[in-house]
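S.K.: The structure follows.
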Amino acid sequence: MYDRILVPLDGSDTARRGLVEAMSLAADRKSTLCLLHVMNDFPLMMETSNVVDFEKYRHGLRDYGQSVLDGASQACAALGLSVETQLHDMRGGRVADAIVQAAKELGCQLIVIGTHGRRGLRRALLGSDAESVLRESPMPVLLVPAPAVT
């Protein structure tokens with residue numbers, strides 16, 4: 001049923017929890033995992049003062065995103081899972097839109113995404129990519145919660 005599963009990764013513990021869940025699903029169903037890192041430069045546009053700094057930071061973002069994908073890909077390969085990776089360079093727009101668009105383009109039938117579980121002011125300020133993906137996606141979305149804080 002789920003031949004292709006999209007897993008957005010940002011390097012966070014929450015995203016790793018989503019990956020672990022997706023790896024379990026993929027192993028059971030012999031699915032291909034499509035790992036996605038969305039490079040979002042919006043915060044950089046607000047903080048950099050010149051083009052040289054901006055391009056330097058973008059290069060760092062690209063390197064970081066590729067390292068996240070490489071590490072996740074290696075973990076999947078170690079379990080014998082079929083995996084594809086995509087580094088999406090987003091220039092403006094919403095991360096959630098890029099995730100949903102990638103799932104469509106890659107022919108995925110499921111999106112597995114970790115959610116940070118933000119509430120109140122933090123959610124208002126930082127938003128919720130996972131919630132936006134859930135609202136906008138034409139395919140099923142599995143939300144993997146952050147670990148409970150005790």
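Numbering starts fresh at 1 for the residues of each chain in the structure tokens, the chains themselves are lettered A, B, ... in the order given, and ligands are numbered from 1 as they appear.
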Residues near stretch 26-38 of chain A, anyone? I mean within 10 Å using only C-alpha atoms, not counting same-chain ones fewer than 3 positions away, as a ChimeraX atom specification.
M.R.: /A:1-11,19-23,41,61-62,64-70,72-73,76,79-90,94-96,98-99,102-103,106-108,110-112
S.K.: Apply DSSP to the structure's backbone, then extract all residues of chain A labelled strand (DSSP E) and return them as a PyMOL selection string.
M.R.: chain A and resi 4-8+32-40+82-90+110-115+141-145
S.K.: Write the residues of the preceding selection, restricted to N, CA and C atoms, as a CSV table (one decimal), in the first residue's frame.
M.R.:
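Below you can see again_2.csv, which holds the result:
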chain,number,residue,atom,x,y,z
A,4,ARG,N,6.1,4.1,-1.4
A,4,ARG,CA,7.1,5.2,-1.3
A,4,ARG,C,6.6,6.0,-0.1
A,5,ILE,N,7.5,6.2,0.8
A,5,ILE,CA,7.2,7.0,2.0
A,5,ILE,C,8.2,8.2,2.1
A,6,LEU,N,7.6,9.4,2.2
A,6,LEU,CA,8.4,10.6,2.3
A,6,LEU,C,8.7,10.9,3.8
A,7,VAL,N,10.0,11.2,4.1
A,7,VAL,CA,10.4,11.5,5.5
A,7,VAL,C,11.2,12.8,5.5
A,8,PRO,N,10.5,13.9,5.9
A,8,PRO,CA,11.3,15.2,6.0
A,8,PRO,C,12.2,15.1,7.2
A,32,THR,N,10.1,2.0,-0.3
A,32,THR,CA,11.3,2.9,-0.5
A,32,THR,C,11.1,4.2,0.3
A,33,LEU,N,12.1,4.5,1.1
A,33,LEU,CA,12.0,5.8,1.9
A,33,LEU,C,12.6,6.9,1.0
A,34,CYS,N,11.9,8.0,0.9
A,34,CYS,CA,12.3,9.2,0.2
A,34,CYS,C,12.6,10.2,1.3
A,35,LEU,N,13.9,10.4,1.5
A,35,LEU,CA,14.4,11.3,2.6
A,35,LEU,C,14.5,12.7,2.0
A,36,LEU,N,14.0,13.7,2.7
A,36,LEU,CA,13.9,15.1,2.2
A,36,LEU,C,14.5,16.0,3.3
A,37,HIS,N,15.4,16.9,2.8
A,37,HIS,CA,15.8,18.0,3.7
A,37,HIS,C,15.5,19.3,2.9
A,38,VAL,N,14.7,20.2,3.5
A,38,VAL,CA,14.3,21.4,2.9
A,38,VAL,C,15.3,22.5,3.5
A,39,MET,N,16.0,23.1,2.6
A,39,MET,CA,17.0,24.2,2.9
A,39,MET,C,16.2,25.5,2.9
A,40,ASN,N,15.9,26.1,4.0
A,40,ASN,CA,15.1,27.3,4.1
A,40,ASN,C,16.0,28.4,4.5
A,82,SER,N,15.5,0.3,1.0
A,82,SER,CA,15.6,1.1,-0.3
A,82,SER,C,15.4,2.6,0.1
A,83,VAL,N,16.4,3.4,-0.4
A,83,VAL,CA,16.3,4.8,0.0
A,83,VAL,C,16.7,5.7,-1.1
A,84,GLU,N,16.0,6.9,-1.2
A,84,GLU,CA,16.4,8.0,-2.1
A,84,GLU,C,16.5,9.2,-1.2
A,85,THR,N,17.3,10.2,-1.7
A,85,THR,CA,17.5,11.4,-0.9
A,85,THR,C,17.2,12.6,-1.8
A,86,GLN,N,16.7,13.7,-1.3
A,86,GLN,CA,16.6,14.9,-2.0
A,86,GLN,C,16.8,16.1,-1.1
A,87,LEU,N,17.7,17.0,-1.5
A,87,LEU,CA,18.0,18.2,-0.8
A,87,LEU,C,17.3,19.3,-1.6
A,88,HIS,N,16.3,19.9,-1.0
A,88,HIS,CA,15.4,20.9,-1.7
A,88,HIS,C,15.9,22.3,-1.2
A,89,ASP,N,16.3,23.1,-2.2
A,89,ASP,CA,16.7,24.4,-2.0
A,89,ASP,C,15.6,25.4,-2.2
A,90,MET,N,15.0,25.8,-1.0
A,90,MET,CA,13.8,26.6,-1.1
A,90,MET,C,14.1,28.1,-1.0
A,110,LEU,N,2.6,8.2,1.5
A,110,LEU,CA,2.6,8.5,2.9
A,110,LEU,C,3.7,9.5,3.2
A,111,ILE,N,3.4,10.4,4.1
A,111,ILE,CA,4.4,11.3,4.7
A,111,ILE,C,4.5,10.9,6.2
A,112,VAL,N,5.7,10.7,6.7
A,112,VAL,CA,6.0,10.4,8.1
A,112,VAL,C,6.8,11.6,8.6
A,113,ILE,N,6.3,12.3,9.5
A,113,ILE,CA,7.0,13.6,10.0
A,113,ILE,C,6.9,13.7,11.5
A,114,GLY,N,8.0,14.0,12.1
A,114,GLY,CA,8.1,14.3,13.5
A,114,GLY,C,7.5,15.6,13.8
A,115,THR,N,6.8,15.7,15.0
A,115,THR,CA,6.2,17.0,15.4
A,115,THR,C,6.8,17.4,16.7
A,141,VAL,N,-0.8,11.3,6.3
A,141,VAL,CA,0.4,11.8,7.1
A,141,VAL,C,0.4,11.1,8.4
A,142,LEU,N,1.5,10.6,8.8
A,142,LEU,CA,1.7,10.0,10.1
A,142,LEU,C,2.6,11.0,10.9
A,143,LEU,N,2.0,11.5,12.0
A,143,LEU,CA,2.7,12.4,12.9
A,143,LEU,C,3.3,11.7,14.0
A,144,VAL,N,4.6,11.8,14.2
A,144,VAL,CA,5.4,11.1,15.3
A,144,VAL,C,5.7,12.2,16.3
A,145,PRO,N,5.1,12.0,17.5
A,145,PRO,CA,5.3,13.1,18.5
A,145,PRO,C,6.7,13.1,19.1
S.K.: Near A:Val100, within 9 Å and counting only C-alpha atoms, which residues show up once chain neighbours fewer than 4 positions away are dropped, as a VMD selection string?
M.R.: chain A and resid 95 to 96 104 to 105 111 133 136 to 139
S.K.: If you run DSSP on the backbone, which residues of stretch 57-116 of chain A are helix (DSSP H, G or I), as a PyMOL selection string?
M.R.: chain A and resi 57-78+95-105
S.K.: One number please: atom CA of A:Gln74 to atom CA of A:His59, in Å, one decimal.
M.R.: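 Distance reported for this atom pair: 22.4 Å.
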S.K.: Go through A:Asp129, A:Pro147, A:Gly60, A:Ser24 and flag the residue nearest A:Gly93, using only C-alpha atoms for the distances.
M.R.: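 Smallest distance to A:Gly93 is found for A:Asp129.
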